[in-house]
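I have placed the structure first, in the form of structure tokens, so that the comments after it can refer back to it.
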Amino acid sequence: MVVASTNPLKRSKKTKAVGVPTIDLSLKHKHRSTLTGLIVEACEDFGIFKVINHGVSSDIISSLERQGLDFFAKPTPQKHLAVGPTVPKPFGYGFRNIGSNGDVGDLEYLLLHANNSSTHPPLFSDAVNDYVEAVSDLSCSLLDLMAEGLWVQDKSILSSLIRDPQSDSLLRLNHYPALKNWDSFINGERIGFGEHSDPQILTILRSNDIPGLQICTPDGLWLPVQPDPNAFYVMVLTNGRFGSVKHRAMANSSISKARMSMIFFGAPPLNATISPIEEMVSPLNPSLYKTFTWGEYKRAMHASRLMLLAKALMAYRQDKKNNLMTAIMEDAEEKAIYSSSRLDTKDSDDHIPFYMKMKGNRYTSTFQAQELTTIHA
Ligand SMILES: O=C(O)CCC(=O)C(=O)O
Ligand SMILES: [Fe+2]
């Protein structure tokens, strides 16, 4: 099955070409084996591909897009209210706005549990459900094709995890507001969503026509991905053979239009055991990871992140005068060097949104200092 890969992506020389491979799903019936081969190649060489003729109705996509944009256009208190006070963290509405001196540009988002409608904004729950159903089906078709391409005996071994009613799949809407004026662009490129690899089985991303998404090549070069509102971008991972590509999103550089991306993360149920697909393991290609459940994996990621953030907060408090948080920390286990970045001057001490980069596992996150204090106490 699937596990996160910390290995660099395995790519051949031919992947130097700029551009992401396109997978035409209309070939599914007549040219199936060609298609499965192309999907496997795209996963191995790029870690990302674009899907066209995917069969998801444009009405379903535009309905969620319209409702999402209406939601983000509301004043902030109403956005919090619209998702409801009972929604447990981390679901609901979040924002990241760390000001003009910070490393991160404007981003706000809505994070929903795909299978738990209590996390869906009641105002557009139907649009969310329709979209989730359509992209889950697409994910399952792609995973079945992938399994076929890998000559895995049980073709539905991956898709059955997503189909499971208990699957831990998520839906995220990211909103990158338009620039207020060209002056806000004087600092050049700003990062809207820092570099990371998604940990789930697969990611299905769709954005409107405003650019922003970038992927990282094995040489460390950032390549912009051309936005295509009629297509989906797919990232997949499994036992180091397919590495989910490292990516980031730049803050919006359009003065007239917001960028909105809608991202489905297909994940197993929390209690599902995560181990490599049997056919992928051999004496020459042993399992890279010990077996654990998806829930255990998520908890471990969360714990290491919290530890890091607690340290960063303490460093920030010690070095508040110049408002620059330079917390360089060594993680005892991983010996990874982490660096963090600047904080907003405008927020109060107890409520500091901050952003940091962990070089060790390339995870970028924004947390509220308030939450941290509680956790740390
Ligand atoms: O908004 C985007 O285009 C990318 C966001 C992303 O990578 C994520 O939400 O995991
Ligand atoms: Fe991502």
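By order of appearance in the structure tokens: chains A, B, ..., then residues from 1 within every chain, and ligands from 1 in the order shown.
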**OP:** Would you mind listing what lies within 7 Å of Ala178 of chain A as a PyMOL selection string, with only C-alpha atoms counted and same-chain residues fewer than 3 positions away left out?
**Re:** chain A and resi 252-258
Original post:
Any idea what's packed within 9 Å of Asp137 of chain A, counting only C-alpha atoms, ignoring anything in its chain fewer than 4 positions away? Could you give it as a PyMOL selection string?
Top reply: chain A and resi 56+132-133+141-142+159+162-163
Subject >> Pick from A:Ser156, A:His247, A:Leu25, A:Val234, whichever lies nearest to Leu213 of chain A using only C-alpha atoms >> reply: A:His247
I'd like a table as a tab-separated table: residues in chain A with an atom no more than 6 Å from ligand 1, each row giving the shortest atom pair and its distance in Å to one decimal, only C-alpha atoms and all ligand atoms counted, sorted by chain and rising residue number.
```
residue	atom	partner	partner_atom_place_in_ligand_line	distance
A:Asn174	CA	ligand 1	1 (O)	5.3
A:Asp198	CA	ligand 1	10 (O)	5.9
A:Leu213	CA	ligand 1	3 (O)	4.7
A:Arg248	CA	ligand 1	7 (O)	5.6
A:Ala249	CA	ligand 1	4 (C)	5.0
A:Ser261	CA	ligand 1	1 (O)	4.9
```
**OP:** Output the neighbourhood of ligand 2 as a list in words, that is, all protein and nucleic acid residues with some atom at most 9 Å from the ligand, counting only C-alpha atoms and all ligand atoms.
**Re:** Phe193, Gly194, Glu195, His196, Ser197, Asp198, Pro199, Thr203, Leu205, Met235, Lys246, His247, Arg248, Ala249, Ile263 and Phe265 of chain A
**OP:** Just give me the gap between atom CA of Tyr109 of chain A and atom CA of His175 of chain A in Å, one decimal is fine.
**Re:**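 About the pair atom CA of Tyr109 of chain A and atom CA of His175 of chain A: they are 5.8 Å apart.
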Closest atom pairs, residues of segment 142-247 of chain A within 10 Å of segment 62-78 of chain A, only C-alpha atoms, as JSON lines:
```
{"residue": "A:Leu173", "atom": "CA", "partner": "A:Gly68", "partner_atom": "CA", "distance": 7.3}
{"residue": "A:Asn174", "atom": "CA", "partner": "A:Gly68", "partner_atom": "CA", "distance": 9.2}
{"residue": "A:His175", "atom": "CA", "partner": "A:Phe72", "partner_atom": "CA", "distance": 7.2}
{"residue": "A:Tyr176", "atom": "CA", "partner": "A:Phe72", "partner_atom": "CA", "distance": 9.7}
{"residue": "A:Pro177", "atom": "CA", "partner": "A:Phe72", "partner_atom": "CA", "distance": 9.0}
{"residue": "A:Arg206", "atom": "CA", "partner": "A:Glu65", "partner_atom": "CA", "distance": 9.9}
{"residue": "A:Ser207", "atom": "CA", "partner": "A:Glu65", "partner_atom": "CA", "distance": 9.0}
{"residue": "A:Asn208", "atom": "CA", "partner": "A:Glu65", "partner_atom": "CA", "distance": 8.4}
{"residue": "A:Pro229", "atom": "CA", "partner": "A:Ser62", "partner_atom": "CA", "distance": 9.6}
```
Original post:
With only C-alpha atoms as the atoms that count, which of A:Gln200, A:Thr36, A:Ser160, A:Asn53 lies nearest to Ala267 of chain A?
Top reply: A:Gln200
Subject >> For Val40 of chain A, the nearest of the candidates A:Val236, A:Leu161, A:Val83, A:Ala231, counting only C-alpha atoms >> reply: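 Under the stated criterion, the closest residue is A:Val236.
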Original post:
So how many Å separate atom CA of Ser136 of chain A and atom CA of Ile39 of chain A, to one decimal?
Top reply: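 Separation of atom CA of Ser136 of chain A and atom CA of Ile39 of chain A: 17.7 Å.
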Subject >> Residues within 12 Å of Leu38 of chain A, only C-alpha atoms, excluding chain neighbours under 3 positions, as a list in words >> reply: Pro21, Thr22, Ile23, Asp24, Leu25, Leu27, Lys28, His31, Arg32, Ser33, Thr34, Leu35, Glu41, Ala42, Cys43, Glu44, Asp45, Phe46, Ile48, Phe49, Lys50, Val51, Leu142, Leu145, Met146, Glu148, Gly149 and Leu150 of chain A
Original post:
Can you tell me how far atom CA of Pro268 of chain A sits from atom CA of Ser167 of chain A, in Å to one decimal?
Top reply: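 Spanning atom CA of Pro268 of chain A to atom CA of Ser167 of chain A is a straight-line distance of 4.9 Å.
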**OP:** Please identify which residues in segment 21-253 of chain A DSSP calls helix (DSSP H, G or I) from the backbone, and express them as a VMD selection string.
**Re:** chain A and resid 25 to 28 32 to 45 58 to 72 76 to 83 117 to 119 122 to 149 159 to 163 182 to 185
